[in-house]
Amino acid sequence: MSSVWHARCAGLMITSLALFAGTAWSATISHAAAPAAAHSAPAAAAAQPAAPTYQHTASYQAAEAKYNQIRALQVQAFDASECIRKKDCPSDESDMLRPLEQALVLKRALETAASAGDRDAAYFRAKVAAEESARFNEEADIYTGFQDPAYKRSAGLAYERAVRERDFAKNMLVAGAIDLHPWSCMLYADLNMAAQPGVNNRDAAFNAYYCAASGFADRGLKDLALKAYAGMLKTGHPQHPYVLDMHSRLLNVRPDNPWRKIEPSGLVRQPATTSKTSHH
């Protein structure tokens, strides 16, 4: 009997040890799997694709391509004009006029598309005119420094051409600004700020900057929206409703807090409660 009893006790002990070992092994596996799952969660979150960026429309890309071609042709014409001034230049005036003629064809194409309602084409055509206006202004400033009457007349002609190009650019941008095209609004505001001395266009520039900032913010282009917002601060009152609106949309945003949640009730100081203790 004693041997049978010892055999049963040994069997029960082996069974209990096996159950304990199995429980400990399962607990070890669960504890080891928990950190792995915790580490895999941020990895899965990081593996999620980022928010899609703004994609320009096909009309914008086509107009931008024509604009870049115009810029390249203008550079070719400028290089040819610099070469013609030298005695040993192998080129003639045709090398300067040919790129300008090709650029003129592209300008006419942008104007035709703009007259058909393409706001992107109107913007890039106005951008070309605005850049030419700036170059004529620089040329006029250089001529003004000379006392020769011929240079004075050249400076006057350059200033007139600069004003003509700037007015042409503003006229091209009016329709886009009315349709709240943000790029047109931005350039229209910049042209109003670059107007001739004595002309106060700050109100028009402020409204156009607000149009640009709002449009860029709606498209997720925060850098351009902030640039337009800076123009608003230069041309308008800092307490203007438009300024407050763009400030709240661009700068007054609470960042995500991944490690604890801030409840509005936790920001309010609760009155302190005093506990009364009675001594017997």
# chains A, B, ... in the order shown; residues from 1 in each chain; ligands from 1
$ residues_around --residues "Tyr54 in chain A" --least-positions-apart "2" --cutoff "9 Å" --atoms "only C-alpha atoms" --output "NGL selection string"
:A and (52 or 56 or 219-221)
$ residues_around --residues "Ala129 in chain A" --least-positions-apart "2" --cutoff "6 Å" --atoms "only C-alpha atoms" --output "count of residues only"
6
$ residues_around --residues "range 104-115 of chain A" --least-positions-apart "3" --cutoff "8 Å" --atoms "only C-alpha atoms" --output "number ranges by chain"
A: 63, 66, 70, 100-101, 118-122, 124-125, 172
$ write_last_selection --atoms "N, CA and C atoms" --output "PDB file, in the first residue's frame"
ATOM      1  N   ALA A  63       0.162  76.119 -68.402  1.00  0.00           N
ATOM      2  CA  ALA A  63       0.526  77.540 -68.410  1.00  0.00           C
ATOM      3  C   ALA A  63       1.914  77.756 -67.816  1.00  0.00           C
ATOM      4  N   LYS A  66       4.548  76.998 -70.453  1.00  0.00           N
ATOM      5  CA  LYS A  66       4.723  78.118 -71.395  1.00  0.00           C
ATOM      6  C   LYS A  66       5.501  79.256 -70.742  1.00  0.00           C
ATOM      7  N   ILE A  70       9.035  80.892 -72.003  1.00  0.00           N
ATOM      8  CA  ILE A  70       9.227  82.328 -72.237  1.00  0.00           C
ATOM      9  C   ILE A  70      10.461  82.829 -71.501  1.00  0.00           C
ATOM     10  N   LEU A 100      12.918  86.328 -79.156  1.00  0.00           N
ATOM     11  CA  LEU A 100      11.861  87.251 -78.755  1.00  0.00           C
ATOM     12  C   LEU A 100      10.578  87.007 -79.544  1.00  0.00           C
ATOM     13  N   GLU A 101      10.710  86.668 -80.815  1.00  0.00           N
ATOM     14  CA  GLU A 101       9.522  86.356 -81.612  1.00  0.00           C
ATOM     15  C   GLU A 101       8.846  85.082 -81.106  1.00  0.00           C
ATOM     16  N   ASP A 118      -9.323  80.865 -68.782  1.00  0.00           N
ATOM     17  CA  ASP A 118      -8.285  80.111 -68.073  1.00  0.00           C
ATOM     18  C   ASP A 118      -7.575  81.059 -67.108  1.00  0.00           C
ATOM     19  N   ARG A 119      -7.873  80.927 -65.817  1.00  0.00           N
ATOM     20  CA  ARG A 119      -7.284  81.820 -64.814  1.00  0.00           C
ATOM     21  C   ARG A 119      -5.795  81.543 -64.612  1.00  0.00           C
ATOM     22  N   ASP A 120      -5.378  80.309 -64.784  1.00  0.00           N
ATOM     23  CA  ASP A 120      -3.960  79.988 -64.640  1.00  0.00           C
ATOM     24  C   ASP A 120      -3.141  80.633 -65.755  1.00  0.00           C
ATOM     25  N   ALA A 121      -3.657  80.590 -66.979  1.00  0.00           N
ATOM     26  CA  ALA A 121      -2.958  81.237 -68.094  1.00  0.00           C
ATOM     27  C   ALA A 121      -2.885  82.746 -67.880  1.00  0.00           C
ATOM     28  N   ALA A 122      -3.964  83.336 -67.376  1.00  0.00           N
ATOM     29  CA  ALA A 122      -3.948  84.775 -67.103  1.00  0.00           C
ATOM     30  C   ALA A 122      -2.924  85.114 -66.026  1.00  0.00           C
ATOM     31  N   PHE A 124      -0.069  83.482 -65.273  1.00  0.00           N
ATOM     32  CA  PHE A 124       1.307  83.392 -65.758  1.00  0.00           C
ATOM     33  C   PHE A 124       1.601  84.470 -66.805  1.00  0.00           C
ATOM     34  N   ARG A 125       0.600  84.858 -67.599  1.00  0.00           N
ATOM     35  CA  ARG A 125       0.830  85.974 -68.523  1.00  0.00           C
ATOM     36  C   ARG A 125       1.049  87.262 -67.740  1.00  0.00           C
ATOM     37  N   MET A 172      -4.960  91.757 -66.336  1.00  0.00           N
ATOM     38  CA  MET A 172      -5.047  90.318 -66.563  1.00  0.00           C
ATOM     39  C   MET A 172      -5.458  89.565 -65.297  1.00  0.00           C
TER      40      MET A 172
END
$ residues_around --residues "range 206-218 of chain A" --least-positions-apart "6" --cutoff "12 Å" --atoms "only C-alpha atoms" --output "number ranges by chain"
A: 54, 170, 173-174, 176-193, 200, 224-238, 240-251
$ residues_around --residues "Ala80 in chain A" --least-positions-apart "6" --cutoff "10 Å" --atoms "only C-alpha atoms" --output "list in words"
Gln74, Cys89, Pro90, Ser91, Asp92, Glu93, Ser94, Asp95, Met96, Leu97 and Pro99 of chain A
$ closest_residue --among "A:Glu82, A:Glu139, A:Asp88, A:Asp203" --to "Leu157 in chain A" --atoms "only C-alpha atoms"
A:Glu139
$ select_by_dssp --residues "range 119-277 of chain A" --states "alpha helix (DSSP H)" --output "count of residues only"
109
$ atom_distance --atom1 "CA of Tyr60 in chain A" --atom2 "CA of Ala130 in chain A"
18.1 Å
$ atom_distance --atom1 "CA of Arg164 in chain A" --atom2 "CA of Ser133 in chain A"
7.8 Å
